[in-house]
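Each remark here refers to the structure printed beneath this line.
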Amino acid sequence: MDEQKPRTKWEARIQQWKKSWEMYKENKIGLVGIGFLIFFLVFALLGFVMPHIDPIYHPMTGFDPYIVSKSPPSTTHLLGTDFWGRDILSQLMSGAQIAFLIGLTAAVVAVAIGTTVGLVSGYYGGATDTLLMRTVDIVLTLPFLPLIIVVSAAVGKQSIWVLVLIIALLSWGGISRVIRSQTLSLKQRPFVEAARVAGATDARIIFRHIGPNVLPLSFLYMSFLVLGAILTEAGVSYLGLGDPTRVSWGIMLQWCRTTGSTFTWYWMLPPGLCITMMTLSFYLIGRAVDEIVNPRLRKR
Amino acid sequence: MKILEVNNLRMYFSTKKGDVKAVEGVSLEIGKGESVGLVGESGCGKTSIGISILKLLPDNGRILDGEILFKGEDLVPKSEDEMRAVRWNGISMIFQAAMNALNPVYKVGDQIVEAIMIHEDVTKEEAHERVARLYELVGMSPERAENFPHEYSGGMKQRAIIAMALACDPDMIIADEPTTALDVIVQDSIIKEIKKIQAKLNMTMMYISHDISVIAETCERIAVMYAGNVVEYADSVTLFASPLHPYTHGLLSSFPSIKGPLKKLTPIPGEPPNLLNPPTGCRFHTRCPYAQRLCKEEVPVFKEFKERHYAACHYAGELSLR
Amino acid sequence: MSMQKYIVKRVVQIFLTLIIIMTIMFILFRMMPGDPTAFMLDTRMTPEHKAIIRAQFGLDKPIWYQYLLYLKNFFRGNFGRSFYYARPVYDLVMEKLPATLLLWTGSYVISYSLGITLGKIIAWRRGGKLEFGSTLFGLFFYCMPIFWVGLIMLWIFSYKFGLFPLGGLKGPDVWSDPTSSIWLKALDVLHHVALPLSVLTLAFFAGSMLVMRTSMLETLREDYIMTARAKGLPEKTIRDRHAARNAMLPVVTAFAIAVAGSVGGGVLTETTFSYPGLGKLIVDATLTFDYPLAQASFLFIALMVLVANLVADILYAYLDPRIVY
Amino acid sequence: MKRLFIVAIVAILVASMAPVHSQGGVTFNVGMQDEPKTMNPFQAQDVWDWNVLTYFYEGLVTYRPIDFKIVPNVALEVPEVSSDKLEYTVKLRNDATWSDGKPLTAHDYALFGNMVKEFQIGRYLSSWEFVDTVEALDDYTLHFVLSECRVTFIEGTLMSLPIPSHIWEPKLAEFRAAESPTKALQEYQPVEPGEMVSCGPLIFMEWQRGSYVKCKKNPDYFDFGRTHVYDDGTQLVHGPYYDYIVYRIYDTTDAAILGLKKGEIDYIWWAIQPGYVSDLLADPNVTVTNNPENGMRYMAFNCAREPFSDVAFRQAVATLVDRDFIQERVLQNYGEALYSVVPPGNRQWYNTEVTKWGYGKPMTDRVLEAVDILKQTGNYSWDVEPTVEEGAVVPGEGIKYKGEYIKPFVILTPPADYDPLRAMSGMLIQEWLKQIGLPVAAQPTAFGTIVQKAMGERDYDMFVLGWSLTIYPDYLRDFFHSSQIMEYGYNIPQYSNPEFDRLADDLVTCGPREEKIQAAFKLQEYLANEVPYIPLFAPAAVEAYRNDHFSGWFDQLDGIADSIMYVKPVAAPEETPAAEEEEEEGGGTCLGTLFVALAVIGGSAFYLKRRN
């Protein structure tokens with residue numbers, strides 16, 4: 001019987017997801033968001049293929065032997081080449097990979113921290129709650145980008161992972177507040193009481209019983225965190241504190257600026273446009289999920 | 001003299017899934033100084049009638065048909081600007097206090113003053129004086145006008161709302177569930193207050209509630225609504241004594257009577273119909289113990305069976321409702 | 001609790017937060033590698049001379065001593081001397097502060113006024129072209145990297161058409177001329193501020209607009225709006241006095257939460273437009289390893305955020321009489 | 001009331017927009033990327049400080065432009081030096097004055113030297129630490145006693161600036177009384193024109209922080225009209241030929257270039273990125289110059305670690321580093337591939353004959369050659385040896401040194417914002433080294449961190465950095481002498497070669513120039529063969545100036561900045577098309593201002609309307 005139960009629970013969950021998906025499909029802006037996202041996913045995957053077609057399409061080392069400086073779009077280089085004769089299109093693809101990498105990793109870590117803190121804080125209450133929430137207060141009032149600038153400079157090493165870690169460590173505050181208040185109300189529900197009576201440990205109650213119920217909210221915040229992380233990486237890279245060993249969109253703009261090509265349209269416009277569309281897609285998805293998770297926003 | 005006459009009113013809400021037929025061919029008349037109760041289960045369209053009269057419909061609501069004659073003038077074709085003059089001045093409304101009918105960020109007195117100043121050419125001071133008098137009228141200390149809504153108890157809010165409704169000396173007041181969310185004792189005192197004021201000012205009132213006992217206490221005549229239709233309309237004594245419509249009967253037997261002998265409560269079986277797709281014929285036929293084939297096929301006419309006793313039932317008067 | 005007491009309590013809180021931030025800053029900068037004297041390298045400087053310089057900056061003392069010194073100096077309002085500018089950090093920060101206040105508060109005020117007004121209107125008249133247009137427009141700017149928008153604006157308005165200066169705050173033509181009137185100088189500053197201000201405003205207004213819209217839509221469902229309509233109030237009074245006034249509350253809350261994140265936009269904008277404010281200062285200081293300066297500018301930015309939070313709280317209390325302290 | 005207010009605003013704004021009458025006289029406008037940090041010569045450290053300060057102070061001797069020959073300036077002649085002569089007497093000209101009318105005397109020079117020693121001003125100590133005493137025998141005679149005679153006596157000590165003793169001496173007591181006298185001295189910030197007297201060609205007028213510094217011509221400058229005659233017949237006559245100079249702070253190159261095109265400035269005083277060149281060349285009023293810089297970018301090895309301690313290893317790496325590619329791609333040919341530690345721009349001291357590893361060879365040959373160099377030692381082996389097949393390199397795998405796999409190592413490279421060229425070079429080098437199977441990764445690292453790891457902790461494998469150099473290559477000793485192997489010593493690669501040390505010591509002592517040049521050549525050969533540094537490239541100073549305002553610009557090492565004192569205004573022809581165009585652009589700015597003004601008026605009107 002014990003084996004049966006999780007299965008039905010699992011099925012119930014799948015059904016829940018299916019229902020959510022049905023609702024999501026109703027949402028036009030949400031579908032546009034998904035569309036963009038799929039486009040960028042394909043775009044990012046193509047980036048892995050490009051260098052195998054011809055080494056000159058390698059985003060970092062693909063120096064075109066015949067083009068030694070920046071050049072406008074041509075048949076070999078559909079979007080032109082950068083200052084050193086490298087293909088801009090392949091660099092954009094690599095940028096999409098980095099954006100996914102940074103956005104998703106930072107968001108997942110931040111959501112994990114934020115959810116855990118929110119759950120623990122809401123569940124235990126008392127001194128733990130006060131301590132954690134005061135910490136959150138401070139985290140939330142820290143000026144985000146200036147701190148990242150200062151910290152990434154202090155770390156000295158310009159690695160993408162350091163950046164991801166800093167972004168994640170600074171952006172879990174908001175989500176933990178929301179999860180906490182959700183936990184506070186869930187804590188009063190009978191099934192939690194039942195679990196407690198049945199002798200479940202605190203950890204089990206938090207993560208097995210309350211946790212799954214706050215997951216949709218976490219998921220909602222994740223899409224906004226992805227957006228924030230992508231924009232932050234771009235900003236930090238633009239300032240010159242990014243990781244120049246990986247071709248991200250921010251780094252592309254930084255190269256564009258530091259080589260004195262700020263006003264070279266075919267180099268300057270595409271990365272920014274990609275950032276915009278990608279963040280927009282995550283924003284739209286977030287809004288759509290928001291309408292599902294918070295039914296009061298649904299149109300009547 | 002009739003203050004208000006509603007003829008064959010139809011009001012629908014359009015939604016994604018189709019039209020919600022909230023008010024379907026309702027006719028009512030209210031004479032001057034009369035108090036009329038509108039009773040029915042929640043979702044039966046009684047509030048819709050209230051807001052239709054003032055034309056306070058939400059964006060998706062529309063009046064398809066019918067007339068609303070207020071002092072002989074049809075309100076239906078009136079523009080929003082013309083309606084503004086009717087509102088509060090002609091017809092005011094007592095809202096349910098617990099539902100945030102007062103704006104939380106302004107002082108209660110100011111909210112009443114605002115209504116006065118819109119409709120009448122008075123100075124602010126005069127308006128404030130009037131508020132003080134109104135407060136006394138509803139049994140509150142005039143200083144309380146300087147407080148914010150959150151500083152009031154539920155009963156006080158309700159009194160303030162009554163005061164507000166009286167502010168422009170309207171010809172008629174629609175009271176929409178004024179006591180629903182209050183506890184019984186406060187409810188009682190508010191009802192008494194309304195009755196007192198009504199008597200004092202000879203106020204014409206339309207009283208909307210789902211609670212027939214409250215209606216019985218305050219109203220001379222009662223209209224019973226079911227699924228967007230008024231199914232029966234009579235003076236309260238007659239209605240209680242000899243209801244013509246099976247639904248009225250069912251409603252009466254599902255409520256405990258405050259006065260009178262104890263009797264067994266029998267709830268009406270089934271659920272109220274979905275107004276998106278209401279039953280054909282008599283809308284009550286799905287739950288009616290007396291339903292015949294005719295009831296399913298033909299819409300019963302709302303007509304006068306006895307002197308000022310209207311009902312919409314094919315078999316009205318033929319059934320022995322016990 | 002009275003308002004005054006509350007403010008005092010909040011100020012104490014701000015102070016404590018600042019100390020925590022300072023400690024974090026101190027630990028960060030002292031534990032991490034990076035030699036501040038690196039930028040003074042000179043091919044003819046001997047190691048002994050380098051040691052002398054380090055001693056002059058107090059870098060040869062033990063860490064705990066440096067920390068105590070640092071705290072002591074902080075309480076005295078002494079933030080140390082900039083390695084790069086070789087001047088008291090406090091003076092440098094104070095020089096840049098007015099410019100930043102002008103740009104940041106200016107953009108917040110304009111973008112929030114714009115966002116609130118637009119949000120109010122589009123919620124009131126749902127589904128119009130205005131709603132679609134302003135949401136799309138606002139969202140694009142919301143999602144665009146702000147420095148990129150800045151670069152494009154520079155390209156179009158300054159480079160192509162020469163309508164605005166490419167950066168800075170004061171034009172030498174105007175300021176070096178003793179005959180310039182104060183009005184001309186003010187106008188010159190406005191001329192310089194116009195572009196960065198527009199960029200920030202464009203980036204920020206969508207946020208407040210969307211929050212306002214949602215909040216307004218919710219407010220419009222409230223019963224007191226029905227009351228107001230029943231009272232026969234004119235549409236505009238209902239919209240502005242009853243709906244918008246209440247709907248603004250969540251916007252204020254959203255502002256308090258967003259401000260810490262949005263100063264990043266200010267920093268990037270200042271850098272893009274080489275606007276001599278705190279944001280540019282912190283970037284420059286960071287890139288030159290000028291830790292006293294980076295720390296102090298960070299501290300002041302943090303202070304600005306905290307004060308903005310306080311202002312938001314007070315504003316909220318002013319807007320909502322239900323708040324009791 | 002409301003209308004009145006608006007009318008008043010409009011009136012004021014319109015009045016304020018009336019054309020401004022600027023002072024008469026010719027103004028030379030210079031664009032600077034950063035503002036000066038201080039006007040205190042004891043604190044001044046970066047180029048932006050010195051771009052301004054340098055024209056206030058005249059040394060005893062100086063380099064003349066173009067060929068950097070040492071010529072007397074305030075001193076009447078350049079003293080003859082030799083390593084065994086330790087006492088020198090220098091006579092000064094007696095017609096030089098400070099801008100406040102006080103004479104420029106030997107006391108002013110002696111005071112500077114003595115203050116450097118007393119207050120331990122690190123920046124100048126290397127020029128003064130071997131000077132035992134300096135004193136003014138009379139107003140126009142200086143006497144030096146040295147502990148040893150170094151070349152920097154002339155190229156440092158005698159080039160030091162004087163400071164106006166009548167202004168500084170009264171302050172000394174105050175500095176000495178402070179808790180930390182050095183700090184007190186350095187914190188002193190002269191900003192008032194009264195505190196800033198000058199004996200050079202320019203006089204300080206005012207400094208608007210963050211915006212500009214303004215100076216005027218010194219009418220009493222003693223050297224005005226001095227003529228330098230060169231072998232090729234060129235003559236330079238010392239100016240300045242304008243009345244004012246304004247240093248405008250532009251902060252970004254984009255802004256400066258626009259300013260140059262609009263005619264706001266006549267010269268951008270910093271090297272611009274090559275990316276701007278094509279745009280600038282399109283403007284007939286702008287001239288772009290390209291001069292070598294006296295600097296170098298290099299990659300250094302940690303010679304105290306294996307396998308970097310192995311000369312063959314370093315040679316192989318040097319062979320792999322395709323400096324021609326860097327020159328062509330990364331530098332876009334603005335700058336030169338470098339094979340010696342002395343840059344070619346320093347013509348007198350540059351040894352053209354040093355070993356050029358891999359010069360002119362394709363990557364395939366370089367790989368084979370590098371493999372060859374390594375295999376000859378017998379210490380290296382591979383799991384898969386790198387080969388060349390069908391004209392392409394098949395990278396090696398599992399390289400071993402003395403039977404053990406070489407552990408992964410990193411190249412610390414500066415971040416892109418600091419120098420995109422070096423960052424890019426680091427990336428390329430990583431790819432090239434991978435060709436022979438070296439497990440290497442380029443690690444972009446903050447500049448300060450590299451310096452600390454490399455100079456301070458000596459905890460690194462390789463790094464990429466650069467030096468700005470002096471004319472006299474005494475740095476050859478500093479960078480590679482074994483005595484500099486210490487914390488923060490300059491011998492970062494920890495290169496040690498006794499023969500090199502001996503020769504390097506010779507280089508810095510006084511003596512005949514020919515001998516010194518021979519020594520420097522020999523030192524360069526050592527370095528090229530044993531490669532503690534792999535010189536990567538010498539950057540170019542790409543600069544731009546307006547050719548329609550001033551003429552007489554000349555090229556020299558490090559760029560055209562020295563022309564500033566020699567350029568003459570172009571006789572302005574009436575109504576040239578250029579002037580019209582300029583006006584048009586000015587009109588654009590005016591339009592922008594008008595737009596802002598309208599916005600202000602509209603905003604206030606709207607506000608007033610709402611209030612009413």
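Just remember, in the structure tokens the first chain shown is A, the second B, etc., residues are 1-based per chain, and ligands are 1-based in the order shown.
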
Would you kindly report the residues of chain C within 9 Å of chain B, using only C-alpha atoms, as number ranges by chain? C: 222-234, 242, 245-246, 319-322

What does the file look like for those residues with N, CA and C atoms, as a PDB file, in the first residue's frame?
ATOM      1  N   GLU C 222     -13.026  46.836  -5.466  1.00  0.00           N
ATOM      2  CA  GLU C 222     -13.389  47.039  -4.064  1.00  0.00           C
ATOM      3  C   GLU C 222     -14.772  47.674  -3.968  1.00  0.00           C
ATOM      4  N   ASP C 223     -15.424  47.451  -2.820  1.00  0.00           N
ATOM      5  CA  ASP C 223     -16.780  47.953  -2.664  1.00  0.00           C
ATOM      6  C   ASP C 223     -16.841  49.464  -2.554  1.00  0.00           C
ATOM      7  N   TYR C 224     -15.765  50.053  -1.995  1.00  0.00           N
ATOM      8  CA  TYR C 224     -15.878  51.501  -1.848  1.00  0.00           C
ATOM      9  C   TYR C 224     -15.862  52.209  -3.193  1.00  0.00           C
ATOM     10  N   ILE C 225     -15.370  51.522  -4.224  1.00  0.00           N
ATOM     11  CA  ILE C 225     -15.460  52.119  -5.557  1.00  0.00           C
ATOM     12  C   ILE C 225     -16.922  52.115  -5.997  1.00  0.00           C
ATOM     13  N   MET C 226     -17.598  50.999  -5.690  1.00  0.00           N
ATOM     14  CA  MET C 226     -19.026  50.930  -5.970  1.00  0.00           C
ATOM     15  C   MET C 226     -19.748  52.032  -5.196  1.00  0.00           C
ATOM     16  N   THR C 227     -19.389  52.189  -3.926  1.00  0.00           N
ATOM     17  CA  THR C 227     -19.992  53.259  -3.118  1.00  0.00           C
ATOM     18  C   THR C 227     -19.793  54.599  -3.799  1.00  0.00           C
ATOM     19  N   ALA C 228     -18.550  54.827  -4.224  1.00  0.00           N
ATOM     20  CA  ALA C 228     -18.239  56.116  -4.832  1.00  0.00           C
ATOM     21  C   ALA C 228     -19.078  56.331  -6.084  1.00  0.00           C
ATOM     22  N   ARG C 229     -19.194  55.266  -6.865  1.00  0.00           N
ATOM     23  CA  ARG C 229     -20.000  55.414  -8.079  1.00  0.00           C
ATOM     24  C   ARG C 229     -21.455  55.652  -7.716  1.00  0.00           C
ATOM     25  N   ALA C 230     -21.934  54.910  -6.717  1.00  0.00           N
ATOM     26  CA  ALA C 230     -23.328  55.060  -6.305  1.00  0.00           C
ATOM     27  C   ALA C 230     -23.593  56.473  -5.792  1.00  0.00           C
ATOM     28  N   LYS C 231     -22.552  57.064  -5.216  1.00  0.00           N
ATOM     29  CA  LYS C 231     -22.707  58.418  -4.698  1.00  0.00           C
ATOM     30  C   LYS C 231     -22.846  59.425  -5.828  1.00  0.00           C
ATOM     31  N   GLY C 232     -22.623  58.966  -7.034  1.00  0.00           N
ATOM     32  CA  GLY C 232     -22.761  59.878  -8.170  1.00  0.00           C
ATOM     33  C   GLY C 232     -21.549  60.754  -8.381  1.00  0.00           C
ATOM     34  N   LEU C 233     -20.359  60.279  -7.912  1.00  0.00           N
ATOM     35  CA  LEU C 233     -19.145  61.080  -8.111  1.00  0.00           C
ATOM     36  C   LEU C 233     -18.725  61.026  -9.578  1.00  0.00           C
ATOM     37  N   PRO C 234     -18.111  62.087 -10.064  1.00  0.00           N
ATOM     38  CA  PRO C 234     -17.599  62.058 -11.435  1.00  0.00           C
ATOM     39  C   PRO C 234     -16.527  60.988 -11.585  1.00  0.00           C
ATOM     40  N   HIS C 242     -10.393  58.007  -5.290  1.00  0.00           N
ATOM     41  CA  HIS C 242     -10.734  56.773  -4.582  1.00  0.00           C
ATOM     42  C   HIS C 242      -9.905  55.587  -5.021  1.00  0.00           C
ATOM     43  N   ARG C 245      -5.626  56.476  -5.329  1.00  0.00           N
ATOM     44  CA  ARG C 245      -5.052  56.744  -4.020  1.00  0.00           C
ATOM     45  C   ARG C 245      -4.788  55.438  -3.264  1.00  0.00           C
ATOM     46  N   ASN C 246      -5.748  54.541  -3.308  1.00  0.00           N
ATOM     47  CA  ASN C 246      -5.569  53.260  -2.623  1.00  0.00           C
ATOM     48  C   ASN C 246      -4.624  52.345  -3.384  1.00  0.00           C
ATOM     49  N   LEU C 319       0.101  57.677   3.410  1.00  0.00           N
ATOM     50  CA  LEU C 319      -0.959  57.348   2.474  1.00  0.00           C
ATOM     51  C   LEU C 319      -2.018  56.453   3.101  1.00  0.00           C
ATOM     52  N   ASP C 320      -1.609  55.638   4.045  1.00  0.00           N
ATOM     53  CA  ASP C 320      -2.542  54.680   4.603  1.00  0.00           C
ATOM     54  C   ASP C 320      -2.714  54.915   6.097  1.00  0.00           C
ATOM     55  N   PRO C 321      -3.848  55.491   6.493  1.00  0.00           N
ATOM     56  CA  PRO C 321      -4.051  55.806   7.909  1.00  0.00           C
ATOM     57  C   PRO C 321      -4.174  54.566   8.779  1.00  0.00           C
ATOM     58  N   ARG C 322      -4.336  53.400   8.137  1.00  0.00           N
ATOM     59  CA  ARG C 322      -4.495  52.190   8.947  1.00  0.00           C
ATOM     60  C   ARG C 322      -3.199  51.759   9.606  1.00  0.00           C
TER      61      ARG C 322
END

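Using only C-alpha atoms, the protein and nucleic acid residues lying no more than 12 Å from Phe70 (chain B), apart from those fewer than 4 places from it along its own chain, are Met1, Lys2, Ile3, Leu4, Glu5, Val6, Asn7, Leu28, Glu29, Ile30, Gly31, Lys32, Ile53, Leu54, Asp74, Leu75, Val76, Lys78, Met83, Val86, Arg87, Gly90, Ile91, Asp171 and Met172 of chain B.
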
Output N, CA and C atoms for every residue in that selection, as a CSV table (one decimal), in the first residue's frame.
chain,number,residue,atom,x,y,z
B,1,MET,N,-48.8,56.5,-5.1
B,1,MET,CA,-47.9,57.0,-6.2
B,1,MET,C,-46.7,56.1,-6.3
B,2,LYS,N,-46.4,55.7,-7.4
B,2,LYS,CA,-45.2,54.8,-7.6
B,2,LYS,C,-43.9,55.6,-7.7
B,3,ILE,N,-43.0,55.3,-6.9
B,3,ILE,CA,-41.7,55.9,-7.0
B,3,ILE,C,-40.9,55.2,-8.0
B,4,LEU,N,-40.9,53.9,-8.0
B,4,LEU,CA,-40.1,53.1,-8.9
B,4,LEU,C,-40.9,52.0,-9.5
B,5,GLU,N,-40.8,51.9,-10.8
B,5,GLU,CA,-41.5,50.8,-11.5
B,5,GLU,C,-40.4,50.1,-12.4
B,6,VAL,N,-40.3,48.8,-12.2
B,6,VAL,CA,-39.4,48.1,-13.1
B,6,VAL,C,-40.2,47.2,-13.9
B,7,ASN,N,-40.0,47.3,-15.2
B,7,ASN,CA,-40.8,46.5,-16.1
B,7,ASN,C,-40.0,45.6,-17.0
B,28,LEU,N,-41.4,45.0,-11.1
B,28,LEU,CA,-41.6,45.3,-9.7
B,28,LEU,C,-42.2,46.7,-9.7
B,29,GLU,N,-42.9,47.0,-8.7
B,29,GLU,CA,-43.2,48.5,-8.5
B,29,GLU,C,-43.2,48.8,-7.0
B,30,ILE,N,-42.7,49.9,-6.7
B,30,ILE,CA,-42.6,50.3,-5.3
B,30,ILE,C,-43.3,51.7,-5.1
B,31,GLY,N,-44.2,51.7,-4.2
B,31,GLY,CA,-44.9,53.0,-4.0
B,31,GLY,C,-44.2,53.9,-3.0
B,32,LYS,N,-44.5,55.1,-2.9
B,32,LYS,CA,-43.8,56.1,-2.0
B,32,LYS,C,-44.1,55.6,-0.6
B,53,ILE,N,-30.7,49.2,-11.1
B,53,ILE,CA,-31.6,50.3,-10.9
B,53,ILE,C,-30.7,51.6,-10.9
B,54,LEU,N,-29.5,51.5,-10.3
B,54,LEU,CA,-28.6,52.7,-10.2
B,54,LEU,C,-27.7,52.7,-11.5
B,74,ASP,N,-37.7,57.1,-17.3
B,74,ASP,CA,-37.0,55.8,-17.6
B,74,ASP,C,-35.5,56.0,-17.4
B,75,LEU,N,-34.9,55.2,-16.6
B,75,LEU,CA,-33.4,55.4,-16.3
B,75,LEU,C,-32.6,54.7,-17.4
B,76,VAL,N,-33.2,53.7,-18.0
B,76,VAL,CA,-32.4,52.8,-18.9
B,76,VAL,C,-31.6,53.6,-20.0
B,78,LYS,N,-30.8,56.6,-20.0
B,78,LYS,CA,-30.0,57.8,-19.5
B,78,LYS,C,-28.5,57.6,-19.6
B,83,MET,N,-27.2,60.0,-15.1
B,83,MET,CA,-27.4,59.1,-14.0
B,83,MET,C,-26.8,59.6,-12.7
B,86,VAL,N,-29.1,61.3,-10.6
B,86,VAL,CA,-30.1,60.5,-10.0
B,86,VAL,C,-29.4,59.8,-8.7
B,87,ARG,N,-28.2,59.4,-8.9
B,87,ARG,CA,-27.6,58.6,-7.9
B,87,ARG,C,-27.5,59.5,-6.6
B,90,GLY,N,-31.4,61.0,-5.9
B,90,GLY,CA,-32.7,60.3,-6.1
B,90,GLY,C,-32.8,59.0,-5.3
B,91,ILE,N,-31.8,58.2,-5.7
B,91,ILE,CA,-31.8,56.8,-5.1
B,91,ILE,C,-30.4,56.6,-4.4
B,171,ASP,N,-35.0,60.1,-2.5
B,171,ASP,CA,-36.4,59.6,-2.6
B,171,ASP,C,-36.5,58.2,-2.2
B,172,MET,N,-35.5,57.4,-2.4
B,172,MET,CA,-35.5,56.0,-2.2
B,172,MET,C,-34.2,55.5,-1.8

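Excluding Gly118 (chain A) itself and any same-chain residue fewer than 2 positions from it, the protein and nucleic acid residues within 9 Å of it, counting only C-alpha atoms, are A:Ile113, A:Gly114, A:Thr115, A:Thr116, A:Val120, A:Ser121, A:Gly122, A:Tyr123, A:Asp129, A:Leu132, A:Met133, A:Ile175, A:Ser176, A:Arg177, A:Val178, A:Ile179, A:Arg180, A:Ser181, A:Gln182, A:Thr183.
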
Please identify which residues in region 94-303 of chain D DSSP calls helix (DSSP H, G or I) from the backbone, and express them as number ranges by chain. D: 106-119, 122-128, 152-155, 157-159, 165-177, 181-187, 193-195, 253-262, 274-281

Considering only C-alpha atoms, extract the chain D residues located within 9 Å of chain A and return them as JSON, numbers by chain. {"D": [253, 254, 272, 273, 274, 275, 276, 277, 328, 329, 330, 331, 332, 415, 416, 417, 418, 419, 420, 421, 423, 424, 427, 428, 431, 442, 443, 444, 445, 446, 447, 448, 449, 450]}
